[in-house]
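Student: Got a file for you: upload-v6.json, JSON, C-alpha atoms.
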```json
[["chain", "number", "residue", "atom", "x", "y", "z"],
["A", 57, "MET", "CA", 87.05, 65.32, 80.20],
["A", 58, "GLN", "CA", 87.00, 68.78, 78.65],
["A", 59, "ALA", "CA", 86.48, 71.92, 80.68],
["A", 60, "PRO", "CA", 83.19, 73.77, 80.13],
["A", 61, "SER", "CA", 83.30, 76.41, 77.39],
["A", 62, "TRP", "CA", 82.93, 79.27, 79.87],
["A", 63, "VAL", "CA", 86.10, 78.10, 81.65],
["A", 64, "ARG", "CA", 88.00, 77.92, 78.36],
["A", 65, "ASP", "CA", 86.69, 81.37, 77.45],
["A", 66, "VAL", "CA", 88.28, 82.76, 80.59],
["A", 67, "PHE", "CA", 91.64, 81.06, 80.02],
["A", 68, "GLU", "CA", 91.74, 82.08, 76.38],
["A", 69, "ASN", "CA", 90.46, 85.64, 76.67],
["A", 70, "TYR", "CA", 91.08, 87.22, 80.07],
["A", 71, "LEU", "CA", 94.00, 89.64, 79.84],
["A", 72, "ILE", "CA", 95.37, 89.28, 83.35],
["A", 73, "CYS", "CA", 95.31, 87.04, 86.36],
["A", 74, "GLU", "CA", 96.05, 87.66, 90.03],
["A", 75, "PHE", "CA", 99.21, 85.63, 90.55],
["A", 76, "THR", "CA", 100.31, 84.58, 94.04],
["A", 77, "SER", "CA", 103.71, 83.36, 95.15],
["A", 78, "ILE", "CA", 104.70, 82.63, 98.74],
["A", 79, "ASP", "CA", 107.36, 84.60, 100.58],
["A", 80, "ASN", "CA", 108.25, 82.79, 103.81],
["A", 81, "GLY", "CA", 104.63, 81.83, 104.41],
["A", 82, "LYS", "CA", 103.21, 85.17, 103.27],
["A", 83, "PRO", "CA", 101.06, 85.28, 100.13],
["A", 84, "VAL", "CA", 102.24, 87.90, 97.63],
["A", 85, "THR", "CA", 99.71, 88.64, 94.90],
["A", 86, "PHE", "CA", 100.19, 90.80, 91.83],
["A", 87, "PRO", "CA", 98.18, 91.28, 88.65],
["A", 88, "LEU", "CA", 100.08, 89.69, 85.76],
["A", 89, "LEU", "CA", 99.58, 89.14, 82.06],
["A", 90, "PHE", "CA", 99.36, 85.39, 81.41],
["A", 91, "PHE", "CA", 99.40, 83.03, 78.46],
["A", 92, "TYR", "CA", 97.45, 79.77, 78.26],
["A", 93, "ASN", "CA", 98.41, 76.65, 76.39],
["A", 94, "HIS", "CA", 95.75, 73.92, 76.32],
["A", 95, "ASP", "CA", 97.83, 70.94, 75.18],
["A", 96, "PRO", "CA", 99.37, 70.23, 77.57],
["A", 97, "SER", "CA", 97.51, 72.51, 79.91],
["A", 98, "ARG", "CA", 99.97, 75.12, 81.10],
["A", 99, "PHE", "CA", 99.77, 78.71, 82.29],
["A", 100, "THR", "CA", 102.74, 80.94, 81.62],
["A", 101, "VAL", "CA", 103.74, 84.32, 82.94],
["A", 102, "THR", "CA", 106.96, 86.18, 82.24],
["A", 103, "SER", "CA", 108.75, 88.56, 84.54],
["A", 104, "SER", "CA", 111.39, 91.18, 83.98],
["A", 105, "ILE", "CA", 114.45, 90.79, 86.18],
["A", 106, "LEU", "CA", 113.47, 94.24, 87.48],
["A", 107, "PHE", "CA", 110.44, 92.73, 89.20],
["A", 108, "SER", "CA", 111.96, 89.38, 90.07],
["A", 109, "ARG", "CA", 111.26, 89.11, 93.80],
["A", 110, "LYS", "CA", 108.38, 86.79, 92.99],
["A", 111, "ILE", "CA", 110.82, 84.59, 91.07],
["A", 112, "GLU", "CA", 113.04, 84.39, 94.14],
["A", 113, "HIS", "CA", 109.98, 83.33, 96.14],
["A", 114, "MET", "CA", 109.12, 80.59, 93.63],
["A", 115, "LYS", "CA", 112.66, 79.22, 93.60],
["A", 116, "LYS", "CA", 112.24, 78.60, 97.33],
["A", 117, "ASN", "CA", 108.60, 77.49, 97.16],
["A", 118, "PRO", "CA", 107.12, 76.58, 93.75],
["A", 119, "LYS", "CA", 103.52, 76.40, 94.98],
["A", 120, "VAL", "CA", 101.57, 79.22, 93.33],
["A", 121, "SER", "CA", 98.05, 80.19, 92.38],
["A", 122, "LEU", "CA", 96.44, 82.15, 89.58],
["A", 123, "LEU", "CA", 93.04, 83.70, 90.10],
["A", 124, "PHE", "CA", 91.06, 84.82, 87.09],
["A", 125, "SER", "CA", 88.54, 87.34, 88.36],
["A", 126, "ASN", "CA", 88.81, 90.41, 86.13],
["A", 127, "PRO", "CA", 87.18, 90.24, 82.67],
["A", 128, "GLU", "CA", 88.05, 93.87, 81.86],
["A", 129, "GLY", "CA", 89.03, 94.26, 78.22],
["A", 130, "SER", "CA", 88.49, 90.57, 77.44],
["A", 131, "GLY", "CA", 85.05, 90.70, 75.81],
["A", 132, "VAL", "CA", 83.82, 87.71, 77.79],
["A", 133, "GLU", "CA", 81.47, 87.45, 80.75],
["A", 134, "LYS", "CA", 82.69, 87.58, 84.31],
["A", 135, "HIS", "CA", 83.54, 84.25, 85.89],
["A", 136, "THR", "CA", 86.03, 83.51, 88.63],
["A", 137, "ILE", "CA", 88.50, 80.64, 88.42],
["A", 138, "LEU", "CA", 91.31, 79.62, 90.76],
["A", 139, "VAL", "CA", 94.23, 77.57, 89.48],
["A", 140, "GLN", "CA", 96.73, 76.14, 91.94],
["A", 141, "GLY", "CA", 99.89, 74.65, 90.55],
["A", 142, "ILE", "CA", 103.63, 74.17, 90.56],
["A", 143, "ALA", "CA", 105.83, 76.83, 88.99],
["A", 144, "LYS", "CA", 108.88, 75.98, 86.92],
["A", 145, "ILE", "CA", 111.37, 78.79, 86.40],
["A", 146, "GLN", "CA", 113.24, 79.20, 83.12],
["A", 147, "ASP", "CA", 115.96, 81.84, 83.32],
["A", 148, "SER", "CA", 118.80, 80.42, 81.24],
["A", 149, "ASP", "CA", 118.06, 82.71, 78.29],
["A", 150, "LEU", "CA", 116.80, 86.03, 79.62],
["A", 151, "ASP", "CA", 117.15, 87.81, 76.28],
["A", 152, "HIS", "CA", 115.32, 85.37, 74.03],
["A", 153, "GLY", "CA", 113.66, 82.58, 76.04],
["A", 154, "TRP", "CA", 110.45, 84.57, 76.48],
["A", 155, "GLU", "CA", 110.19, 85.53, 72.81],
["A", 156, "ARG", "CA", 108.25, 82.38, 71.91],
["A", 157, "TYR", "CA", 105.31, 83.91, 73.80],
["A", 158, "LEU", "CA", 105.45, 87.13, 71.79],
["A", 159, "PRO", "CA", 102.63, 86.16, 69.39],
["A", 160, "MET", "CA", 100.27, 85.57, 72.34],
["A", 161, "TRP", "CA", 101.52, 88.73, 74.05],
["A", 162, "ARG", "CA", 100.95, 90.76, 70.89],
["A", 163, "LYS", "CA", 97.39, 89.42, 70.67],
["A", 164, "LYS", "CA", 96.66, 90.65, 74.21],
["A", 165, "GLU", "CA", 98.58, 93.91, 73.99],
["A", 166, "PRO", "CA", 98.78, 95.01, 70.34],
["A", 167, "TYR", "CA", 100.89, 98.03, 71.31],
["A", 168, "ILE", "CA", 103.69, 95.87, 72.68],
["A", 169, "ASP", "CA", 105.66, 96.28, 69.44],
["A", 170, "GLY", "CA", 106.04, 99.96, 70.28],
["A", 171, "PHE", "CA", 107.81, 99.01, 73.50],
["A", 172, "LEU", "CA", 109.84, 96.39, 71.70],
["A", 173, "SER", "CA", 111.12, 99.00, 69.27],
["A", 174, "ALA", "CA", 112.55, 100.81, 72.29],
["A", 175, "ARG", "CA", 114.20, 97.61, 73.50],
["A", 176, "GLU", "CA", 117.57, 99.29, 73.94],
["A", 177, "GLN", "CA", 116.03, 102.00, 76.10],
["A", 178, "PHE", "CA", 114.33, 99.47, 78.37],
["A", 179, "ALA", "CA", 117.03, 96.82, 78.12],
["A", 180, "TRP", "CA", 116.52, 95.30, 81.56],
["A", 181, "PHE", "CA", 112.74, 95.25, 81.21],
["A", 182, "TRP", "CA", 113.28, 92.93, 78.26],
["A", 183, "LYS", "CA", 115.51, 90.57, 80.23],
["A", 184, "ARG", "CA", 112.69, 88.25, 81.13],
["A", 185, "ILE", "CA", 112.22, 85.08, 83.11],
["A", 186, "VAL", "CA", 109.62, 82.52, 82.01],
["A", 187, "VAL", "CA", 107.40, 80.88, 84.63],
["A", 188, "GLU", "CA", 105.43, 77.87, 83.50],
["A", 189, "VAL", "CA", 102.72, 76.65, 85.86],
["A", 190, "GLU", "CA", 101.46, 73.10, 85.74],
["A", 191, "PRO", "CA", 97.94, 73.09, 87.23],
["A", 192, "GLU", "CA", 97.19, 70.70, 90.08],
["A", 193, "LYS", "CA", 93.74, 71.88, 91.13],
["A", 194, "ILE", "CA", 91.17, 74.16, 89.51],
["A", 195, "LEU", "CA", 88.08, 75.62, 91.16],
["A", 196, "ALA", "CA", 85.56, 77.73, 89.26],
["A", 197, "TRP", "CA", 82.70, 80.00, 90.24],
["A", 198, "LYS", "CA", 80.35, 80.49, 87.29],
["A", 199, "ASN", "CA", 79.22, 84.13, 86.96],
["A", 200, "GLY", "CA", 81.76, 85.02, 89.63],
["A", 201, "ASP", "CA", 79.40, 84.20, 92.47],
["A", 202, "THR", "CA", 81.84, 83.31, 95.21],
["A", 203, "SER", "CA", 79.04, 83.10, 97.78],
["A", 204, "LYS", "CA", 78.33, 79.69, 96.27],
["A", 205, "ALA", "CA", 80.51, 76.60, 96.37],
["A", 206, "PRO", "CA", 83.00, 76.36, 93.47],
["A", 207, "GLU", "CA", 82.98, 73.71, 90.79],
["A", 208, "ALA", "CA", 86.05, 71.47, 90.50],
["A", 209, "ILE", "CA", 87.42, 71.51, 86.95],
["A", 210, "THR", "CA", 89.54, 68.93, 85.16],
["A", 211, "LEU", "CA", 91.46, 69.97, 82.06],
["B", 472, "MET", "CA", 80.39, 98.64, 95.36],
["B", 473, "GLU", "CA", 78.45, 100.17, 98.19],
["B", 474, "LYS", "CA", 80.38, 102.75, 100.16],
["B", 475, "TRP", "CA", 79.71, 103.93, 103.65],
["B", 476, "GLY", "CA", 80.35, 107.50, 104.62],
["B", 477, "TYR", "CA", 82.59, 110.06, 103.06],
["B", 478, "PHE", "CA", 86.34, 110.11, 103.04],
["B", 479, "GLN", "CA", 88.56, 113.08, 102.60],
["B", 480, "SER", "CA", 91.87, 112.29, 101.04],
["B", 481, "PRO", "CA", 94.68, 112.91, 103.51],
["B", 482, "GLY", "CA", 96.59, 114.46, 100.65],
["B", 483, "GLY", "CA", 99.82, 112.81, 101.67],
["B", 484, "ASN", "CA", 102.21, 111.51, 99.10],
["B", 485, "HIS", "CA", 102.68, 107.95, 100.28],
["B", 486, "PRO", "CA", 105.74, 106.29, 98.84],
["B", 487, "LEU", "CA", 104.65, 103.69, 96.34],
["B", 488, "THR", "CA", 105.83, 100.10, 96.12],
["B", 489, "THR", "CA", 107.15, 100.20, 99.65],
["B", 490, "LEU", "CA", 106.28, 98.38, 102.79],
["B", 491, "ASP", "CA", 105.40, 100.17, 105.97],
["B", 492, "PRO", "CA", 103.87, 98.82, 109.15],
["B", 493, "ALA", "CA", 101.97, 102.02, 109.79],
["B", 494, "LEU", "CA", 98.26, 101.28, 109.74],
["B", 495, "ASP", "CA", 97.31, 104.62, 108.26],
["B", 496, "LEU", "CA", 99.11, 103.86, 105.01],
["B", 497, "VAL", "CA", 95.88, 102.59, 103.51],
["B", 498, "ASP", "CA", 94.41, 105.69, 101.93],
["B", 499, "PRO", "CA", 90.63, 105.14, 102.02],
["B", 500, "ASP", "CA", 90.13, 107.59, 99.20],
["B", 501, "ARG", "CA", 92.36, 105.58, 96.90],
["B", 502, "LEU", "CA", 90.98, 102.30, 98.18],
["B", 503, "SER", "CA", 87.40, 103.34, 97.52],
["B", 504, "ARG", "CA", 88.16, 103.55, 93.79],
["B", 505, "PHE", "CA", 88.50, 99.77, 93.57],
["B", 506, "ARG", "CA", 85.46, 97.61, 92.95],
["B", 507, "TYR", "CA", 86.43, 94.40, 94.73],
["B", 508, "GLY", "CA", 89.29, 92.66, 96.48],
["B", 509, "VAL", "CA", 91.12, 89.37, 96.04],
["B", 510, "VAL", "CA", 91.71, 87.71, 99.40],
["B", 511, "THR", "CA", 94.57, 85.22, 99.55],
["B", 512, "TRP", "CA", 95.72, 82.93, 102.31],
["B", 513, "ILE", "CA", 97.89, 79.81, 102.50],
["B", 514, "GLY", "CA", 95.81, 76.65, 102.67],
["B", 515, "GLU", "CA", 96.48, 73.51, 104.67],
["B", 516, "ASP", "CA", 97.97, 71.92, 101.53],
["B", 517, "GLY", "CA", 100.55, 74.70, 101.32],
["B", 518, "PHE", "CA", 99.09, 76.27, 98.18],
["B", 519, "PRO", "CA", 97.90, 79.87, 98.06],
["B", 520, "PHE", "CA", 94.12, 80.12, 97.87],
["B", 521, "SER", "CA", 92.58, 83.27, 96.40],
["B", 522, "VAL", "CA", 88.99, 84.31, 96.13],
["B", 523, "ALA", "CA", 87.41, 87.51, 94.87],
["B", 524, "THR", "CA", 85.00, 89.30, 97.15],
["B", 525, "ASP", "CA", 83.23, 92.64, 97.57],
["B", 526, "PHE", "CA", 84.24, 95.01, 100.30],
["B", 527, "LEU", "CA", 82.92, 97.99, 102.20],
["B", 528, "LEU", "CA", 84.65, 100.89, 103.88],
["B", 529, "SER", "CA", 83.25, 102.00, 107.20],
["B", 530, "GLU", "CA", 83.15, 105.63, 108.25],
["B", 531, "ASN", "CA", 86.27, 104.95, 110.29],
["B", 532, "GLY", "CA", 88.10, 103.66, 107.25],
["B", 533, "GLU", "CA", 87.81, 100.02, 108.30],
["B", 534, "ILE", "CA", 88.02, 97.52, 105.46],
["B", 535, "LEU", "CA", 85.14, 95.04, 105.68],
["B", 536, "LEU", "CA", 85.35, 92.08, 103.32],
["B", 537, "LYS", "CA", 82.28, 90.08, 102.39],
["B", 538, "LYS", "CA", 82.84, 86.51, 103.60],
["B", 539, "PRO", "CA", 83.48, 84.14, 100.70],
["B", 540, "SER", "CA", 81.73, 80.79, 100.93],
["B", 541, "THR", "CA", 85.01, 78.93, 100.70],
["B", 542, "SER", "CA", 86.94, 80.71, 103.41],
["B", 543, "PRO", "CA", 88.18, 78.62, 106.32],
["B", 544, "PRO", "CA", 87.97, 79.97, 109.88],
["B", 545, "MET", "CA", 89.78, 83.26, 109.40],
["B", 546, "THR", "CA", 90.07, 84.83, 112.84],
["B", 547, "ASP", "CA", 93.66, 85.94, 113.38],
["B", 548, "ARG", "CA", 94.66, 84.43, 110.04],
["B", 549, "ARG", "CA", 97.14, 86.52, 108.06],
["B", 550, "VAL", "CA", 95.95, 87.25, 104.54],
["B", 551, "GLY", "CA", 96.91, 89.37, 101.59],
["B", 552, "VAL", "CA", 94.20, 91.40, 99.87],
["B", 553, "LEU", "CA", 94.82, 92.70, 96.37],
["B", 554, "PHE", "CA", 92.74, 95.55, 95.03],
["B", 555, "ASN", "CA", 93.41, 95.87, 91.32],
["B", 556, "HIS", "CA", 92.19, 97.97, 88.45],
["B", 557, "ILE", "CA", 92.77, 98.12, 84.72],
["B", 558, "THR", "CA", 90.79, 99.82, 81.96],
["B", 559, "GLY", "CA", 90.41, 97.89, 78.73],
["B", 560, "ILE", "CA", 91.36, 99.64, 75.49],
["B", 561, "PRO", "CA", 88.83, 99.12, 72.65],
["B", 562, "THR", "CA", 91.62, 98.31, 70.19],
["B", 563, "GLY", "CA", 93.14, 95.77, 72.57],
["B", 564, "GLY", "CA", 95.11, 95.72, 75.78],
["B", 565, "TYR", "CA", 94.59, 97.90, 78.81],
["B", 566, "THR", "CA", 95.65, 101.07, 80.58],
["B", 567, "ASP", "CA", 95.07, 102.93, 83.85],
["B", 568, "ARG", "CA", 96.87, 100.28, 85.88],
["B", 569, "ARG", "CA", 96.80, 100.56, 89.62],
["B", 570, "TYR", "CA", 96.80, 98.16, 92.50],
["B", 571, "MET", "CA", 96.95, 98.13, 96.26],
["B", 572, "LEU", "CA", 98.13, 95.02, 98.10],
["B", 573, "VAL", "CA", 97.38, 95.02, 101.82],
["B", 574, "TRP", "CA", 98.54, 92.37, 104.26],
["B", 575, "GLY", "CA", 97.06, 91.90, 107.68],
["B", 576, "LYS", "CA", 94.99, 89.75, 109.97],
["B", 577, "VAL", "CA", 91.23, 89.47, 109.72],
["B", 578, "SER", "CA", 88.59, 89.19, 112.40],
["B", 579, "ASP", "CA", 84.86, 88.53, 112.31],
["B", 580, "ASP", "CA", 82.81, 91.70, 112.40],
["B", 581, "LYS", "CA", 79.04, 91.62, 112.05],
["B", 582, "GLY", "CA", 79.11, 88.99, 109.34],
["B", 583, "PHE", "CA", 82.08, 90.52, 107.53],
["B", 584, "LEU", "CA", 85.79, 89.96, 107.74],
["B", 585, "LYS", "CA", 87.46, 93.07, 109.08],
["B", 586, "LEU", "CA", 90.97, 93.54, 107.73],
["B", 587, "HIS", "CA", 93.58, 94.89, 110.13],
["B", 588, "PRO", "CA", 96.30, 96.27, 107.80],
["B", 589, "GLU", "CA", 99.92, 95.64, 108.72],
["B", 590, "GLU", "CA", 101.79, 96.21, 105.46],
["B", 591, "ILE", "CA", 101.00, 97.70, 102.10],
["B", 592, "SER", "CA", 102.48, 97.74, 98.61],
["B", 593, "GLU", "CA", 100.84, 99.81, 95.91],
["B", 594, "TRP", "CA", 101.38, 101.26, 92.48],
["B", 595, "ASP", "CA", 99.40, 103.66, 90.34],
["B", 596, "GLU", "CA", 100.88, 104.41, 86.95],
["B", 597, "LYS", "CA", 99.29, 107.85, 86.99],
["B", 598, "ILE", "CA", 101.32, 108.68, 90.10],
["B", 599, "LEU", "CA", 104.50, 106.77, 89.29],
["B", 600, "PRO", "CA", 104.84, 106.26, 85.51],
["B", 601, "PHE", "CA", 106.03, 102.86, 84.39],
["B", 602, "ASP", "CA", 109.45, 104.04, 83.20],
["B", 603, "LYS", "CA", 110.13, 105.54, 86.62],
["B", 604, "LEU", "CA", 108.95, 102.33, 88.28],
["B", 605, "CYS", "CA", 111.45, 100.43, 86.12],
["B", 606, "ALA", "CA", 114.23, 102.84, 87.06],
["B", 607, "ALA", "CA", 113.47, 102.37, 90.76],
["B", 608, "ALA", "CA", 113.65, 98.59, 90.33],
["B", 609, "VAL", "CA", 117.16, 98.46, 88.86],
["B", 610, "PRO", "CA", 118.76, 97.25, 92.15],
["B", 611, "GLN", "CA", 116.46, 94.20, 92.13],
["B", 612, "GLY", "CA", 117.40, 93.48, 88.51],
["B", 613, "LYS", "CA", 121.10, 93.75, 89.36],
["B", 614, "LYS", "CA", 120.62, 91.43, 92.34],
["B", 615, "TYR", "CA", 118.89, 88.84, 90.16],
["B", 616, "LEU", "CA", 121.60, 88.97, 87.51],
["B", 617, "GLU", "CA", 124.26, 88.54, 90.18],
["B", 618, "SER", "CA", 122.41, 85.52, 91.56],
["B", 619, "LEU", "CA", 122.70, 83.88, 88.14],
["B", 620, "GLN", "CA", 126.41, 84.59, 87.80],
["B", 621, "PRO", "CA", 127.69, 81.32, 89.39],
["B", 622, "SER", "CA", 125.74, 79.22, 86.91],
["B", 623, "ILE", "CA", 126.96, 81.36, 84.02],
["B", 624, "ASP", "CA", 130.56, 80.97, 85.18],
["B", 625, "ALA", "CA", 130.23, 77.21, 85.63]]
```
Since I need it in another form, could you write the structure as structure tokens?

Tutor:
Amino acid sequence: MQAPSWVRDVFENYLICEFTSIDNGKPVTFPLLFFYNHDPSRFTVTSSILFSRKIEHMKKNPKVSLLFSNPEGSGVEKHTILVQGIAKIQDSDLDHGWERYLPMWRKKEPYIDGFLSAREQFAWFWKRIVVEVEPEKILAWKNGDTSKAPEAITL
Amino acid sequence: MEKWGYFQSPGGNHPLTTLDPALDLVDPDRLSRFRYGVVTWIGEDGFPFSVATDFLLSENGEILLKKPSTSPPMTDRRVGVLFNHITGIPTGGYTDRRYMLVWGKVSDDKGFLKLHPEEISEWDEKILPFDKLCAAAVPQGKKYLESLQPSIDA
């Protein structure tokens, strides 16, 4: 079964998600740039080692969620979608492992090449961990109306 | 977002990206510039559950969250509420990043969920530019690299 087009629009066009990891039972949510791959269905975020507390959380508890609620800058209508899944951490190649996502990153943030050209200056920002999330459950609120019951989505 | 009353900024320079149990860390003036909040709790299945909802600020600076349809009984439940803002750039990407993450318990209040703040973490790139944020985070980067060292040595 294929997800409705409005759900795919969100995954393919929203710039950021609200990503939650769990720190000793406490939810910790930050806005993060994400990348979506539809086959197989995976959500990926990357994190600099500078902001790696969330990675430490996920190594202890891989259960995470991604909420897509902010259409700003995406050119698509507002919908709200929650993805719950299991995070897999890839940190064996901090310098180059994340580079395979650069084409998708560049599409979302065209100015990223300017930061890349200053890679030496921000050396530790560019030491990045890859987090791949395999979705387990997806709930969606069309038009962002969370006063109504969500729709369960299968990818 | 509807706003109740008027708030005068306390004018204090709260340290950013820090945790503090003081309740008055939530600056209502800064908070009122966000349009909605993302409420997150840990569900019975152990996964985080987030939902976006509108909020109001009372004259006393209380944070009143509109009850989402999916929320379980929330009284005395500890939640995290993220208030986030970006401005899209016409040529792609975004700017004007700022967020406020508030943890606390919630209680029922006249049909709303009243948030009782216990901790806060916030960042506004106009107050703390990104390069300075990176510089402040170097100890965490060093810690992470050191945690990888055993596997590199193996």

Student: Using only C-alpha atoms, determine which residues lie at most 10 Å from Lys614 (chain B), disregarding the query and same-chain residues fewer than 2 positions distant; provide the list as a count of residues only.

Tutor: 12

Student: What does the distance between CA of Ile111 (chain A) and CA of Lys164 (chain A) come to in Å, to one decimal place?

Tutor: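 Atom-to-atom, CA of Ile111 (chain A) to CA of Lys164 (chain A), that is 22.8 Å.
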
Student: I need the chain A residues near chain B as an mmCIF file with C-alpha atoms, keeping the file's coordinate frame; criterion: at most 7 Å, counting all atoms listed in the file.

Tutor:
```cif
data_model
loop_
_atom_site.group_PDB
_atom_site.id
_atom_site.type_symbol
_atom_site.label_atom_id
_atom_site.label_comp_id
_atom_site.auth_asym_id
_atom_site.auth_seq_id
_atom_site.Cartn_x
_atom_site.Cartn_y
_atom_site.Cartn_z
ATOM 1 C CA THR A 76 100.310 84.580 94.040
ATOM 2 C CA PRO A 83 101.060 85.280 100.130
ATOM 3 C CA VAL A 84 102.240 87.900 97.630
ATOM 4 C CA THR A 85 99.710 88.640 94.900
ATOM 5 C CA ILE A 105 114.450 90.790 86.180
ATOM 6 C CA LEU A 106 113.470 94.240 87.480
ATOM 7 C CA PHE A 107 110.440 92.730 89.200
ATOM 8 C CA SER A 108 111.960 89.380 90.070
ATOM 9 C CA LYS A 119 103.520 76.400 94.980
ATOM 10 C CA VAL A 120 101.570 79.220 93.330
ATOM 11 C CA SER A 121 98.050 80.190 92.380
ATOM 12 C CA LEU A 123 93.040 83.700 90.100
ATOM 13 C CA SER A 125 88.540 87.340 88.360
ATOM 14 C CA GLU A 128 88.050 93.870 81.860
ATOM 15 C CA GLY A 129 89.030 94.260 78.220
ATOM 16 C CA LEU A 138 91.310 79.620 90.760
ATOM 17 C CA GLN A 140 96.730 76.140 91.940
ATOM 18 C CA LYS A 164 96.660 90.650 74.210
ATOM 19 C CA GLU A 165 98.580 93.910 73.990
ATOM 20 C CA PRO A 166 98.780 95.010 70.340
ATOM 21 C CA THR A 202 81.840 83.310 95.210
ATOM 22 C CA SER A 203 79.040 83.100 97.780
ATOM 23 C CA LYS A 204 78.330 79.690 96.270
ATOM 24 C CA ALA A 205 80.510 76.600 96.370
#
```

Student: Of the candidates A:Glu155, A:Asp147, A:Glu192, A:Glu74, which one gets nearest to Asn126 (chain A) if we count only C-alpha atoms?

Tutor: A:Glu74

Student: I'd like the interatomic distance between CA of Trp180 (chain A) and CA of Ser104 (chain A), to a tenth of an Å.

Tutor: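 Here the two named atoms are 7.0 Å from each other.
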
Student: Using all atoms of region 93-98 of chain A that appear in the file, construct an axis-aligned enclosing box with 3 Å of padding on every side and provide its centre coordinates and edge lengths in Å, rounded to one decimal, as JSON.

Tutor:
```
{"center_x": 97.9, "center_y": 73.4, "center_z": 78.1, "size_x": 10.2, "size_y": 12.4, "size_z": 11.9}
```

Student: Pick the closest to Glu207 (chain A) from A:Ser61, A:Ser148, A:Thr136, A:Ser77: which is it, counting all atoms listed in the file?

Tutor: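 Under the stated criterion, the closest residue is A:Thr136.
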
Student: Give me, please, the distance in Å between CA of Gly514 (chain B) and CA of His94 (chain A), quoted to one decimal.

Tutor: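 Answer for the CA of Gly514 (chain B) to CA of His94 (chain A) separation: 26.5 Å.
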
Student: For a quick check of understanding, using only C-alpha atoms, which of A:Pro87, A:Pro60, A:Gly81, A:Gly200 has the smallest distance to Trp594 (chain B)?

Tutor: A:Pro87
